[in-house]
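*Asks:* Structure file start_29.cif (mmCIF, C-alpha atoms) right here:
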```cif
data_run
#
loop_
_atom_site.label_atom_id
_atom_site.label_comp_id
_atom_site.auth_asym_id
_atom_site.auth_seq_id
_atom_site.Cartn_x
_atom_site.Cartn_y
_atom_site.Cartn_z
CA MET A 109 17.64 7.37 -40.59
CA ASP A 110 16.32 9.65 -43.27
CA LEU A 111 13.23 11.38 -41.98
CA GLU A 112 12.02 12.33 -45.47
CA VAL A 113 12.08 8.70 -46.56
CA LEU A 114 10.12 7.84 -43.43
CA LYS A 115 7.48 10.44 -44.18
CA GLN A 116 7.06 9.03 -47.68
CA ARG A 117 6.89 5.48 -46.39
CA PHE A 118 4.28 6.05 -43.67
CA GLY A 119 2.37 8.84 -45.36
CA ASP A 120 -0.39 10.49 -43.36
CA GLU A 121 0.11 8.22 -40.37
CA LEU A 122 3.39 9.94 -39.53
CA ILE A 123 2.24 13.46 -38.72
CA SER A 124 5.64 14.90 -37.91
CA ALA A 125 9.22 13.71 -37.59
CA GLU A 126 12.17 15.72 -36.41
CA GLU A 127 15.54 15.33 -34.74
CA ALA A 128 16.11 17.76 -31.90
CA GLU A 129 18.37 17.85 -28.84
CA GLY A 130 19.88 14.54 -29.78
CA GLU A 131 16.65 12.60 -29.86
CA LEU A 132 14.16 11.62 -32.53
CA ARG A 133 10.65 12.96 -32.11
CA PHE A 134 7.68 11.53 -33.94
CA GLU A 135 4.02 12.21 -33.88
CA VAL A 136 1.92 9.34 -35.14
CA THR A 137 -1.79 8.73 -35.56
CA PRO A 138 -3.26 5.99 -33.33
CA SER A 139 -3.90 3.74 -36.33
CA GLY A 140 -0.30 4.02 -37.43
CA ILE A 141 1.18 2.82 -34.16
CA PRO A 142 1.58 -0.95 -34.84
CA ALA A 143 3.32 -0.53 -38.21
CA PHE A 144 5.52 2.33 -37.07
CA CYS A 145 6.53 0.64 -33.81
CA THR A 146 7.35 -2.58 -35.67
CA TYR A 147 9.52 -0.54 -38.00
CA LEU A 148 11.27 1.16 -35.07
CA ARG A 149 12.04 -2.12 -33.37
CA ASP A 150 13.01 -4.27 -36.33
CA GLU A 151 14.67 -1.79 -38.69
CA ALA A 152 15.71 1.20 -36.58
CA GLY A 153 16.97 -0.88 -33.64
CA PHE A 154 14.86 0.59 -30.84
CA ASP A 155 14.84 -2.57 -28.76
CA TYR A 156 14.22 -1.06 -25.33
CA PRO A 157 10.92 0.64 -24.39
CA ALA A 158 12.15 2.95 -21.65
CA ASP A 159 8.80 4.46 -20.76
CA LEU A 160 5.18 4.70 -21.75
CA THR A 161 3.03 7.32 -20.13
CA ALA A 162 0.07 9.56 -20.80
CA TRP A 163 -0.97 13.15 -20.35
CA ASP A 164 -4.27 14.97 -20.24
CA THR A 165 -3.85 18.33 -21.92
CA GLY A 166 -7.37 19.39 -20.99
CA GLU A 167 -8.61 18.97 -24.56
CA GLU A 168 -6.97 15.77 -25.74
CA LEU A 169 -5.28 12.76 -24.26
CA VAL A 170 -1.70 12.11 -25.30
CA VAL A 171 0.31 8.90 -24.98
CA TRP A 172 4.10 9.12 -24.98
CA TYR A 173 6.43 6.29 -25.90
CA ARG A 174 10.04 6.75 -24.95
CA LEU A 175 12.20 4.24 -26.82
CA TYR A 176 15.88 3.55 -26.57
CA SER A 177 18.32 1.85 -28.88
CA MET A 178 20.97 -0.07 -27.01
CA ALA A 179 23.18 -0.48 -30.09
CA ASP A 180 23.13 3.17 -31.19
CA ASN A 181 22.70 4.87 -27.78
CA ARG A 182 19.81 6.83 -29.22
CA THR A 183 16.40 7.89 -27.92
CA ALA A 184 13.15 8.20 -29.83
CA ILE A 185 10.00 9.78 -28.49
CA LEU A 186 6.62 8.93 -29.97
CA ARG A 187 3.60 11.05 -29.35
CA VAL A 188 0.06 9.88 -30.07
CA GLN A 189 -2.84 12.21 -29.63
CA MET A 190 -6.44 11.10 -29.31
CA SER A 191 -9.82 12.56 -28.47
CA ARG A 192 -11.25 12.39 -24.95
CA GLU A 193 -14.47 10.84 -26.24
CA GLN A 194 -12.80 7.86 -27.88
CA PRO A 195 -9.35 7.35 -26.35
CA GLU A 196 -8.23 4.25 -28.20
CA VAL A 197 -4.79 3.26 -29.35
CA PRO A 198 -3.48 -0.15 -30.48
CA SER A 199 -1.45 -1.97 -27.86
CA VAL A 200 2.25 -2.49 -28.49
CA THR A 201 2.64 -5.39 -26.04
CA HIS A 202 3.17 -7.77 -28.96
CA ILE A 203 6.13 -5.62 -30.04
CA TRP A 204 7.65 -4.89 -26.63
CA PRO A 205 6.16 -7.15 -23.90
CA GLY A 206 7.69 -4.88 -21.26
CA VAL A 207 5.10 -2.14 -21.78
CA ASN A 208 2.31 -4.38 -20.51
CA TRP A 209 2.06 -2.81 -17.05
CA HIS A 210 2.66 0.70 -18.38
CA GLU A 211 -0.37 0.36 -20.62
CA ARG A 212 -2.40 -0.97 -17.72
CA GLU A 213 -1.36 2.04 -15.65
CA CYS A 214 -2.39 4.43 -18.45
CA PHE A 215 -5.77 2.72 -18.63
CA ASP A 216 -6.13 2.81 -14.86
CA LEU A 217 -5.43 6.50 -14.42
CA TYR A 218 -6.46 8.01 -17.78
CA GLY A 219 -8.96 5.53 -19.19
CA ILE A 220 -7.08 5.03 -22.43
CA GLN A 221 -8.13 1.81 -24.16
CA PHE A 222 -5.24 -0.23 -25.51
CA LYS A 223 -6.67 -2.41 -28.25
CA GLY A 224 -5.14 -5.87 -28.30
CA HIS A 225 -3.66 -5.74 -24.79
CA PRO A 226 -3.82 -9.22 -23.16
CA ASP A 227 -6.03 -7.88 -20.34
CA SER A 228 -8.03 -5.33 -22.33
CA GLY A 229 -11.18 -7.45 -22.39
CA ASP A 230 -11.79 -7.05 -18.67
CA PRO A 231 -11.60 -3.55 -17.14
CA GLN A 232 -11.20 -5.01 -13.64
CA GLN A 233 -8.23 -7.07 -14.75
CA MET A 234 -6.81 -4.13 -16.69
CA ARG A 235 -6.58 -1.97 -13.56
CA ILE A 236 -3.20 -2.15 -11.87
CA LEU A 237 -2.87 0.49 -9.13
CA LEU A 238 -6.41 1.23 -8.04
CA PRO A 239 -8.83 -1.33 -6.58
CA GLU A 240 -10.57 -3.45 -9.18
CA ASP A 241 -13.99 -1.97 -8.46
CA TRP A 242 -12.89 1.67 -8.70
CA GLU A 243 -15.05 3.86 -10.90
CA GLY A 244 -13.55 6.52 -13.14
CA HIS A 245 -10.02 7.42 -14.05
CA PRO A 246 -8.62 9.88 -11.51
CA PHE A 247 -5.82 11.53 -13.49
CA ARG A 248 -8.27 12.94 -16.01
CA LYS A 249 -8.85 16.62 -15.50
CA ASP A 250 -12.63 16.17 -15.52
CA TYR A 251 -12.60 13.38 -12.90
CA GLU A 252 -15.12 13.86 -10.11
CA PRO A 253 -14.89 11.27 -7.31
CA VAL A 254 -18.13 9.83 -5.94
CA PHE A 255 -17.67 9.26 -2.22
CA SER A 256 -19.17 6.08 -0.84
CA GLY A 257 -18.41 6.67 2.84
CA ASP A 258 -17.08 3.12 3.08
CA PRO A 259 -13.39 2.85 4.09
CA LEU A 260 -13.10 -0.48 2.28
CA HIS A 261 -14.53 0.70 -1.02
CA GLY A 262 -14.23 3.61 -3.39
CA PRO A 263 -12.80 7.11 -3.00
CA GLN A 264 -12.32 8.46 0.50
CA GLU A 265 -13.63 11.85 1.45
CA THR A 266 -10.98 14.46 2.22
CA ASN A 267 -11.27 16.98 4.98
CA MET B 1260 -4.18 -0.46 35.49
CA ALA B 1261 -4.36 -3.23 38.05
CA LYS B 1262 -2.57 -2.35 41.24
CA ALA B 1263 0.69 -4.03 42.01
CA LEU B 1264 0.69 -6.91 44.41
CA THR B 1265 1.95 -6.26 47.90
CA GLN B 1266 3.99 -8.75 49.80
CA SER B 1267 1.18 -9.30 52.31
CA GLU B 1268 -1.20 -10.18 49.47
CA ILE B 1269 1.23 -12.69 48.10
CA ASP B 1270 1.72 -14.11 51.56
CA SER B 1271 -2.03 -14.41 52.01
CA TRP B 1272 -2.26 -16.63 48.92
CA ARG B 1273 0.54 -18.88 50.00
CA VAL B 1274 -1.12 -22.15 50.91
CA PRO B 1275 0.95 -24.50 53.04
CA ILE B 1276 0.72 -28.04 51.82
CA PRO B 1277 2.57 -31.03 53.19
CA GLY B 1278 6.01 -31.41 51.77
CA GLY B 1279 6.23 -28.03 50.03
CA ALA B 1280 4.57 -24.70 49.28
CA VAL B 1281 2.65 -23.19 46.38
CA ILE B 1282 2.13 -19.57 45.41
CA MET B 1283 -1.30 -18.91 43.97
CA ALA B 1284 -2.17 -15.86 41.96
CA PRO B 1285 -5.44 -14.64 40.42
CA LEU B 1286 -5.97 -16.35 37.08
CA ASP B 1287 -6.55 -13.01 35.38
CA ARG B 1288 -3.20 -11.75 36.49
CA ALA B 1289 -1.34 -14.88 35.45
CA ALA B 1290 -2.95 -14.79 32.03
CA GLN B 1291 -2.24 -11.07 31.63
CA TRP B 1292 1.36 -11.62 32.54
CA ALA B 1293 1.69 -14.47 30.07
CA ARG B 1294 0.12 -12.41 27.32
CA LYS B 1295 2.07 -9.24 27.80
CA SER B 1296 5.36 -11.11 28.04
CA SER B 1297 4.98 -12.82 24.69
CA MET B 1298 3.35 -10.50 22.19
CA TRP B 1299 4.21 -11.98 18.84
CA SER B 1300 3.52 -9.43 16.19
CA LEU B 1301 2.39 -9.66 12.61
CA THR B 1302 4.88 -8.44 10.04
CA PHE B 1303 2.91 -5.63 8.54
CA GLY B 1304 5.15 -2.94 7.12
CA LEU B 1305 3.24 -0.77 4.69
CA SER B 1306 5.66 2.09 4.09
CA CYS B 1307 8.49 4.05 5.69
CA CYS B 1308 7.35 3.33 9.27
CA ALA B 1309 8.27 -0.28 8.53
CA ILE B 1310 11.93 0.75 8.37
CA GLU B 1311 11.72 2.09 11.91
CA MET B 1312 9.83 -1.03 12.95
CA MET B 1313 12.67 -3.13 11.55
CA ALA B 1314 15.19 -0.94 13.34
CA THR B 1315 13.24 -1.55 16.55
CA ALA B 1316 13.52 -5.29 16.02
CA ALA B 1317 17.22 -5.07 15.12
CA PRO B 1318 20.00 -5.54 17.70
CA LYS B 1319 20.31 -1.89 18.71
CA TYR B 1320 16.80 -1.69 20.19
CA ASP B 1321 16.12 -5.43 20.35
CA LEU B 1322 12.37 -5.93 20.47
CA ASP B 1323 13.02 -9.49 21.59
CA ARG B 1324 13.51 -8.13 25.11
CA PHE B 1325 9.73 -7.73 25.23
CA GLY B 1326 9.12 -11.23 23.94
CA MET B 1327 8.09 -9.81 20.58
CA ILE B 1328 8.95 -11.89 17.58
CA PHE B 1329 7.73 -10.99 14.11
CA ARG B 1330 5.63 -13.68 12.56
CA ALA B 1331 4.78 -13.85 8.90
CA THR B 1332 1.36 -15.37 9.48
CA PRO B 1333 -1.64 -13.92 11.30
CA ARG B 1334 -2.43 -17.32 12.83
CA GLN B 1335 0.55 -17.03 15.16
CA ALA B 1336 0.36 -13.32 15.90
CA ASP B 1337 -1.08 -11.44 18.87
CA VAL B 1338 -0.29 -7.88 17.87
CA MET B 1339 -0.65 -6.20 14.51
CA ILE B 1340 1.67 -3.20 14.16
CA VAL B 1341 0.22 -1.24 11.24
CA ALA B 1342 3.32 0.63 10.09
CA GLY B 1343 2.40 3.03 7.32
CA TRP B 1344 -0.44 4.42 5.30
CA VAL B 1345 -3.46 2.29 4.48
CA SER B 1346 -4.78 2.61 0.94
CA VAL B 1347 -8.30 1.71 -0.08
CA LYS B 1348 -6.88 -1.23 -1.96
CA MET B 1349 -5.03 -2.50 1.12
CA ALA B 1350 -7.84 -1.98 3.64
CA PRO B 1351 -9.81 -5.20 2.87
CA PHE B 1352 -6.63 -7.24 3.34
CA ILE B 1353 -5.89 -5.62 6.69
CA LYS B 1354 -9.42 -6.48 7.76
CA ARG B 1355 -8.98 -10.07 6.59
CA LEU B 1356 -5.63 -10.48 8.34
CA TYR B 1357 -7.09 -9.02 11.52
CA ASP B 1358 -9.98 -11.48 11.34
CA GLN B 1359 -7.51 -14.34 10.92
CA MET B 1360 -5.59 -13.48 14.09
CA PRO B 1361 -6.56 -15.53 17.16
CA GLU B 1362 -8.00 -13.84 20.23
CA PRO B 1363 -6.79 -11.97 22.18
CA LYS B 1364 -5.51 -9.62 19.52
CA TYR B 1365 -4.27 -6.07 19.64
CA VAL B 1366 -3.49 -3.39 17.08
CA ILE B 1367 -0.87 -0.68 17.28
CA ALA B 1368 -1.31 2.16 14.78
CA MET B 1369 2.25 3.27 14.18
CA GLY B 1370 2.82 6.76 12.91
CA GLY B 1371 0.65 9.57 11.64
CA CYS B 1372 -0.55 7.77 8.50
CA ALA B 1373 -1.91 4.72 10.28
CA SER B 1374 -3.43 6.92 12.99
CA SER B 1375 -5.17 9.52 10.85
CA GLY B 1376 -3.94 9.46 7.26
CA GLY B 1377 -1.05 11.75 8.08
CA PRO B 1378 0.31 13.85 5.23
CA TYR B 1379 -1.84 11.85 2.80
CA ARG B 1380 -5.11 12.79 4.51
CA ASP B 1381 -6.11 14.86 1.46
CA SER B 1382 -5.80 11.90 -0.89
CA ILE B 1383 -8.96 10.14 -2.03
CA THR B 1384 -7.23 6.75 -2.07
CA ILE B 1385 -5.99 6.78 1.54
CA VAL B 1386 -8.06 5.54 4.47
CA LYS B 1387 -8.12 8.25 7.13
CA GLY B 1388 -6.68 6.10 9.85
CA VAL B 1389 -6.62 2.33 10.23
CA ASP B 1390 -9.21 2.62 13.02
CA HIS B 1391 -11.82 2.91 10.25
CA VAL B 1392 -11.00 -0.70 9.39
CA VAL B 1393 -9.88 -2.46 12.59
CA PRO B 1394 -10.10 -1.42 16.28
CA VAL B 1395 -6.88 0.20 17.46
CA ASP B 1396 -5.46 -0.13 20.97
CA VAL B 1397 -2.46 2.20 20.91
CA TYR B 1398 -1.70 5.12 18.63
CA VAL B 1399 1.99 5.98 18.32
CA TYR B 1400 2.74 9.44 16.98
CA GLY B 1401 5.66 10.38 14.75
CA CYS B 1402 6.46 10.55 11.07
CA PRO B 1403 7.90 7.99 11.31
CA PRO B 1404 8.16 7.31 15.07
CA ARG B 1405 11.60 6.63 16.40
CA PRO B 1406 12.18 3.12 17.77
CA GLU B 1407 12.06 4.53 21.31
CA ASN B 1408 8.57 5.83 20.66
CA LEU B 1409 7.38 2.50 19.26
CA ILE B 1410 8.80 0.77 22.34
CA ASN B 1411 6.92 3.34 24.42
CA GLY B 1412 3.74 2.30 22.63
CA ILE B 1413 4.50 -1.36 23.24
CA VAL B 1414 5.01 -0.70 26.95
CA LYS B 1415 1.72 1.18 27.01
CA LEU B 1416 0.05 -1.80 25.32
CA GLN B 1417 1.55 -4.10 27.96
CA ALA B 1418 0.06 -1.87 30.65
CA LYS B 1419 -3.28 -2.05 28.87
CA ILE B 1420 -3.12 -5.84 28.71
CA MET B 1421 -2.39 -5.95 32.44
CA SER B 1422 -5.57 -3.96 33.10
CA GLU B 1423 -7.84 -6.22 31.06
CA LYS B 1424 -10.03 -9.08 32.17
CA SER B 1425 -8.37 -12.13 30.74
CA MET B 1426 -11.27 -14.46 29.98
CA THR B 1427 -13.34 -12.16 27.81
CA ARG B 1428 -13.15 -11.77 24.09
CA ARG B 1429 -13.18 -8.45 22.36
CA GLY B 1430 -16.77 -7.50 21.68
CA GLN B 1431 -18.29 -9.55 24.50
CA THR B 1432 -17.87 -6.81 27.06
CA ALA B 1433 -16.88 -3.20 26.83
CA PRO B 1434 -13.09 -2.77 26.92
CA PRO B 1435 -11.96 -1.79 30.39
CA CYS B 1436 -10.21 1.33 29.15
CA GLY B 1437 -10.14 3.39 26.02
CA PRO B 1438 -7.32 3.69 23.55
CA ILE B 1439 -4.11 5.19 24.84
CA VAL B 1440 -2.68 8.14 22.93
CA ILE B 1441 1.02 8.60 23.48
CA ASN B 1442 2.48 12.05 23.25
#
```
Just give me the structure as C-alpha cells.

*Replies:*
Amino acid sequence: MDLEVLKQRFGDELISAEEAEGELRFEVTPSGIPAFCTYLRDEAGFDYPADLTAWDTGEELVVWYRLYSMADNRTAILRVQMSREQPEVPSVTHIWPGVNWHERECFDLYGIQFKGHPDSGDPQQMRILLPEDWEGHPFRKDYEPVFSGDPLHGPQETN
Amino acid sequence: MAKALTQSEIDSWRVPIPGGAVIMAPLDRAAQWARKSSMWSLTFGLSCCAIEMMATAAPKYDLDRFGMIFRATPRQADVMIVAGWVSVKMAPFIKRLYDQMPEPKYVIAMGGCASSGGPYRDSITIVKGVDHVVPVDVYVYGCPPRPENLINGIVKLQAKIMSEKSMTRRGQTAPPCGPIVIN
C-alpha cells in the first residue's frame, strides 16, 4: 500500500497517513469515512473490524476504528475527530455489520451520532448499556448527572 | 423465634380416638415447618456472588439438604437470592420478578453489593442495595460470601420463617421481627 497514492486518491479527506510500529495509522474526516472504509475492506483486505471506540479529549470527540486484515496479518487504525457541538460520523455498519453494537455503545456513552445506523432514528433503541430513558452521555467530560431519587429510574446519588 | 415444643405439650395434643391415635399441632407451626423445609429459590445470579451461589448448590455444599431447588421461574419460587450488584437497568426487572412470586415470599440479599452497593456504591448506575427495590429478609455479608455464610443466611431465614404467623400476607400485618443481619 503506497501511502502517497492514497493521499492523492482521497485528497483532503485523508488528513494523515503513516506506517509506524508495524501498523497503519490514518486520520480521516467524518465525511470521508464511508469511501475510505469501503476502500480498506474491498481493496486493502481489512475484513475484520477488531474494535470501535471513542474518546473525549476535553475539546473534541474522537472515534477510533481498529481494523485487522486476516490475509496479511496487518492492523490499521483509523482516527476521526469531530466537534463536541455536532458529533456526527457516518455509520460503517453497512461495511462491517459487526460494529453495530460498538457504535451503539459509543452513542450511549459519548453521544456520538452514527448517521445511517439501523437504530439511529430512535435514541432509546440506540442505547445499549444504559436504561432506555437515561438522559445524557456519562463518559463525556462535561456530563453532570441529574439525580431523581428513584432507585428504578435515572442516576443514583453517591455518598 | 417460637419456642420448641416440649414432650408434655405434644402429649397434651394427642387425642385418643378409637382404633388409633393422632398427633395434632398448631396450624401455624405445621405451615411454618412445611415452608422452611421446602424453600425453592429463584435463579437470580447477577454477578460474581452467583458463582458462590452455584457452589453452594453443587455437591460439596449441597443446598438440596435444605429442600432448596433452584427454579428458573418466579411462579414456582419462594425465595429470591439476589446474588450480585443491582444496576438501575436491572432494578425494574427485579421488582417485576418479585411481584410475580407467590406469597409467602422471601428475599436474601447476598453479598455487599446486594446489601448496600458494595464497592460500586460510588457509581451512579448502581442501586445502593436491593432493599431500595424489594423488601429484604436476610442480609448475608461477604464479597462474595463463602457457601458456608450463605447457608448460615438460609438457616437464619428458616428461623425467621418459624417465628412468623403463617396465615398472613406480607403487608397485612407488621412483620413479627426485623431483618436479620449476619456477621

*Asks:* Please tabulate, as a tab-separated table, the residues of chain A that come within 10 Å of chain B, each with its closest pair of atoms and the distance in Å to one decimal, counting all atoms listed in the file and ordering rows by chain, then residue number upward.

*Replies:*
```
residue	atom	partner	partner_atom	distance
A:Leu237	CA	B:Lys1348	CA	8.4
A:Leu238	CA	B:Lys1348	CA	6.6
A:Pro239	CA	B:Lys1348	CA	5.0
A:Glu240	CA	B:Lys1348	CA	8.4
A:Asp241	CA	B:Lys1348	CA	9.7
A:Trp242	CA	B:Lys1348	CA	9.5
A:Pro246	CA	B:Ile1383	CA	9.5
A:Pro253	CA	B:Ile1383	CA	8.0
A:Val254	CA	B:Ile1383	CA	10.0
A:Phe255	CA	B:Ile1383	CA	8.8
A:Asp258	CA	B:His1391	CA	8.9
A:Pro259	CA	B:Val1386	CA	6.0
A:Leu260	CA	B:Ala1350	CA	5.6
A:His261	CA	B:Val1347	CA	6.4
A:Gly262	CA	B:Val1347	CA	7.1
A:Pro263	CA	B:Ile1383	CA	5.0
A:Gln264	CA	B:Ile1383	CA	4.5
A:Glu265	CA	B:Ile1383	CA	6.1
A:Thr266	CA	B:Asp1381	CA	4.9
A:Asn267	CA	B:Asp1381	CA	6.6
```

*Asks:* Give me the result of the PyMOL selection byres ((chain B and resi 1301) around 7) on this file, residue by residue, as a VMD selection string.

*Replies:* chain B and resid 1299 to 1300 1302 to 1303 1329 to 1333 1336 1338 to 1340

*Asks:* Pull out every residue that the PyMOL selection byres ((chain B and resi 1325) around 10) matches in the shown coordinates and put them as a list in words.

*Replies:* Lys1295, Ser1296, Ser1297, Met1298, Trp1299, Asp1321, Leu1322, Asp1323, Arg1324, Gly1326, Met1327, Ile1328, Ile1410, Ile1413, Val1414 and Gln1417 of chain B

*Asks:* Could you turn the residues from that selection into a file that holds C-alpha atoms, as a short mmCIF file (atom, residue, chain, number, x, y, z; two decimals), keeping the file's coordinate frame?

*Replies:*
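Result file result_16.cif:
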```cif
data_model
loop_
_atom_site.label_atom_id
_atom_site.label_comp_id
_atom_site.auth_asym_id
_atom_site.auth_seq_id
_atom_site.Cartn_x
_atom_site.Cartn_y
_atom_site.Cartn_z
CA LYS B 1295 2.07 -9.24 27.80
CA SER B 1296 5.36 -11.11 28.04
CA SER B 1297 4.98 -12.82 24.69
CA MET B 1298 3.35 -10.50 22.19
CA TRP B 1299 4.21 -11.98 18.84
CA ASP B 1321 16.12 -5.43 20.35
CA LEU B 1322 12.37 -5.93 20.47
CA ASP B 1323 13.02 -9.49 21.59
CA ARG B 1324 13.51 -8.13 25.11
CA GLY B 1326 9.12 -11.23 23.94
CA MET B 1327 8.09 -9.81 20.58
CA ILE B 1328 8.95 -11.89 17.58
CA ILE B 1410 8.80 0.77 22.34
CA ILE B 1413 4.50 -1.36 23.24
CA VAL B 1414 5.01 -0.70 26.95
CA GLN B 1417 1.55 -4.10 27.96
#
```

*Asks:* When you look at Arg182 (chain A) with a cut-off of 12 Å (counting only C-alpha atoms), what residues show up, excluding the ones that are within fewer than 4 positions of it in the same chain? I need them as a list in words.

*Replies:*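 Residues meeting the cut-off are Met109, Glu127, Ala128, Glu129, Gly130, Glu131, Leu132, Arg133, Leu148, Ala152, Gly153, Phe154, Asp155, Tyr156, Pro157, Ala158, Arg174, Leu175, Tyr176, Ser177 and Met178 of chain A.
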
*Asks:* For Met190 (chain A), which residue among A:Val170, A:Gln221, A:Lys115, A:Asn208 is the nearest when counting only C-alpha atoms?

*Replies:*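 Going through A:Val170, A:Gln221, A:Lys115, A:Asn208 one by one, the smallest distance to Met190 (chain A) is for A:Val170.
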
*Asks:* Mind giving me the straight-line distance from CA of Ala1314 (chain B) to CA of Pro1406 (chain B) in Å, one decimal?

*Replies:*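 Between CA of Ala1314 (chain B) and CA of Pro1406 (chain B) the gap is 6.7 Å.
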
*Asks:* Might I get the box with edges along x, y and z of the file that holds all atoms of region 117-126 of chain A listed there, padded by 3 Å on every side, given as centre and edge lengths in Å to one decimal, as JSON?

*Replies:*
```
{"center_x": 5.9, "center_y": 10.6, "center_z": -41.4, "size_x": 18.6, "size_y": 16.2, "size_z": 16.0}
```

*Asks:* What does the distance from CA of Val1395 (chain B) to CA of Val1366 (chain B) come to in Å, to one decimal?

*Replies:*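 Computing it gives 5.0 Å between the two atoms.
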
*Asks:* Might you spell out which residues the PyMOL selection byres ((chain A and resi 188) around 8) would select in the displayed file, as a PyMOL selection string?

*Replies:* chain A and resi 135-138+170-172+186-187+189-190

*Asks:* Export, as a PDB file, in the coordinates of the input, the selected residues with C-alpha atoms.

*Replies:*
```pdb
ATOM      1  CA  GLU A 135       4.020  12.210 -33.880  1.00  0.00           C
ATOM      2  CA  VAL A 136       1.920   9.340 -35.140  1.00  0.00           C
ATOM      3  CA  THR A 137      -1.790   8.730 -35.560  1.00  0.00           C
ATOM      4  CA  PRO A 138      -3.260   5.990 -33.330  1.00  0.00           C
ATOM      5  CA  VAL A 170      -1.700  12.110 -25.300  1.00  0.00           C
ATOM      6  CA  VAL A 171       0.310   8.900 -24.980  1.00  0.00           C
ATOM      7  CA  TRP A 172       4.100   9.120 -24.980  1.00  0.00           C
ATOM      8  CA  LEU A 186       6.620   8.930 -29.970  1.00  0.00           C
ATOM      9  CA  ARG A 187       3.600  11.050 -29.350  1.00  0.00           C
ATOM     10  CA  GLN A 189      -2.840  12.210 -29.630  1.00  0.00           C
ATOM     11  CA  MET A 190      -6.440  11.100 -29.310  1.00  0.00           C
TER      12      MET A 190
END
```

*Asks:* List the spatial neighbours of Lys249 (chain A) as a list in words - criterion: any atom at most 10 Å away, only C-alpha atoms, same-chain residues fewer than 6 positions off excluded.

*Replies:*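 Here the qualifying residues turn out to be Trp163, Asp164, Thr165, Gly166, Glu167 and Tyr218 of chain A.
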
*Asks:* From the options A:Leu122, A:Ile203, A:Ala162, A:Ile236, which residue's atoms come nearest to Arg149 (chain A), counting all atoms listed in the file?

*Replies:*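 Of A:Leu122, A:Ile203, A:Ala162, A:Ile236, the one nearest Arg149 (chain A), counting all atoms listed in the file, is A:Ile203.
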
*Asks:* Residues proximal to (-6.3, -9.8, -15.7) were defined as those with any atom within 12 Å of that point in the file's coordinates, counting all atoms listed in the file. Which are they, as a ChimeraX atom specification?

*Replies:* /A:208-209,212,225-236,240

*Asks:* Convert the current residue selection to file output with C-alpha atoms, as a PDB file, in the coordinates of the input.

*Replies:*
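Written output follows (result14.pdb):
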```
ATOM      1  CA  ASN A 208       2.310  -4.380 -20.510  1.00  0.00           C
ATOM      2  CA  TRP A 209       2.060  -2.810 -17.050  1.00  0.00           C
ATOM      3  CA  ARG A 212      -2.400  -0.970 -17.720  1.00  0.00           C
ATOM      4  CA  HIS A 225      -3.660  -5.740 -24.790  1.00  0.00           C
ATOM      5  CA  PRO A 226      -3.820  -9.220 -23.160  1.00  0.00           C
ATOM      6  CA  ASP A 227      -6.030  -7.880 -20.340  1.00  0.00           C
ATOM      7  CA  SER A 228      -8.030  -5.330 -22.330  1.00  0.00           C
ATOM      8  CA  GLY A 229     -11.180  -7.450 -22.390  1.00  0.00           C
ATOM      9  CA  ASP A 230     -11.790  -7.050 -18.670  1.00  0.00           C
ATOM     10  CA  PRO A 231     -11.600  -3.550 -17.140  1.00  0.00           C
ATOM     11  CA  GLN A 232     -11.200  -5.010 -13.640  1.00  0.00           C
ATOM     12  CA  GLN A 233      -8.230  -7.070 -14.750  1.00  0.00           C
ATOM     13  CA  MET A 234      -6.810  -4.130 -16.690  1.00  0.00           C
ATOM     14  CA  ARG A 235      -6.580  -1.970 -13.560  1.00  0.00           C
ATOM     15  CA  ILE A 236      -3.200  -2.150 -11.870  1.00  0.00           C
ATOM     16  CA  GLU A 240     -10.570  -3.450  -9.180  1.00  0.00           C
TER      17      GLU A 240
END
```

*Asks:* So how far away is CA of Val207 (chain A) from CA of His245 (chain A), in Å?

*Replies:*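 About the pair CA of His245 (chain A) and CA of Val207 (chain A): they are 19.5 Å apart.
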
*Asks:* Neighbouring residues of Met1360 (chain B) were defined as those with any atom within 8 Å, considering only C-alpha atoms; residues of the same chain fewer than 2 positions away were excluded. Please report them as JSON, numbers by chain.

*Replies:* {"B": [1333, 1334, 1335, 1336, 1337, 1356, 1357, 1358, 1362, 1364]}

*Asks:* What would region 245-254 of chain A look like with N, CA and C atoms restored, written as a PDB file, in the coordinates of the input?

*Replies:*
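Contents of the output file result_26.pdb:
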```
ATOM      1  N   HIS A 245     -11.452   7.413 -13.805  1.00  0.00           N
ATOM      2  CA  HIS A 245     -10.020   7.420 -14.050  1.00  0.00           C
ATOM      3  C   HIS A 245      -9.455   8.722 -13.474  1.00  0.00           C
ATOM      4  N   PRO A 246      -8.827   8.666 -12.302  1.00  0.00           N
ATOM      5  CA  PRO A 246      -8.620   9.880 -11.510  1.00  0.00           C
ATOM      6  C   PRO A 246      -7.621  10.882 -12.062  1.00  0.00           C
ATOM      7  N   PHE A 247      -6.759  10.520 -13.003  1.00  0.00           N
ATOM      8  CA  PHE A 247      -5.820  11.530 -13.490  1.00  0.00           C
ATOM      9  C   PHE A 247      -6.413  12.378 -14.612  1.00  0.00           C
ATOM     10  N   ARG A 248      -7.631  12.068 -15.024  1.00  0.00           N
ATOM     11  CA  ARG A 248      -8.270  12.940 -16.010  1.00  0.00           C
ATOM     12  C   ARG A 248      -8.689  14.240 -15.356  1.00  0.00           C
ATOM     13  N   LYS A 249      -8.580  15.316 -16.119  1.00  0.00           N
ATOM     14  CA  LYS A 249      -8.850  16.620 -15.500  1.00  0.00           C
ATOM     15  C   LYS A 249     -10.323  16.805 -15.176  1.00  0.00           C
ATOM     16  N   ASP A 250     -11.211  16.020 -15.824  1.00  0.00           N
ATOM     17  CA  ASP A 250     -12.630  16.170 -15.520  1.00  0.00           C
ATOM     18  C   ASP A 250     -13.115  15.103 -14.549  1.00  0.00           C
ATOM     19  N   TYR A 251     -12.202  14.451 -13.829  1.00  0.00           N
ATOM     20  CA  TYR A 251     -12.600  13.380 -12.900  1.00  0.00           C
ATOM     21  C   TYR A 251     -13.257  13.980 -11.663  1.00  0.00           C
ATOM     22  N   GLU A 252     -14.422  13.453 -11.334  1.00  0.00           N
ATOM     23  CA  GLU A 252     -15.120  13.860 -10.110  1.00  0.00           C
ATOM     24  C   GLU A 252     -15.342  12.614  -9.273  1.00  0.00           C
ATOM     25  N   PRO A 253     -14.685  12.481  -8.107  1.00  0.00           N
ATOM     26  CA  PRO A 253     -14.890  11.270  -7.310  1.00  0.00           C
ATOM     27  C   PRO A 253     -16.292  11.239  -6.695  1.00  0.00           C
ATOM     28  N   VAL A 254     -16.841  10.041  -6.601  1.00  0.00           N
ATOM     29  CA  VAL A 254     -18.130   9.830  -5.940  1.00  0.00           C
ATOM     30  C   VAL A 254     -17.834   9.116  -4.630  1.00  0.00           C
TER      31      VAL A 254
END
```
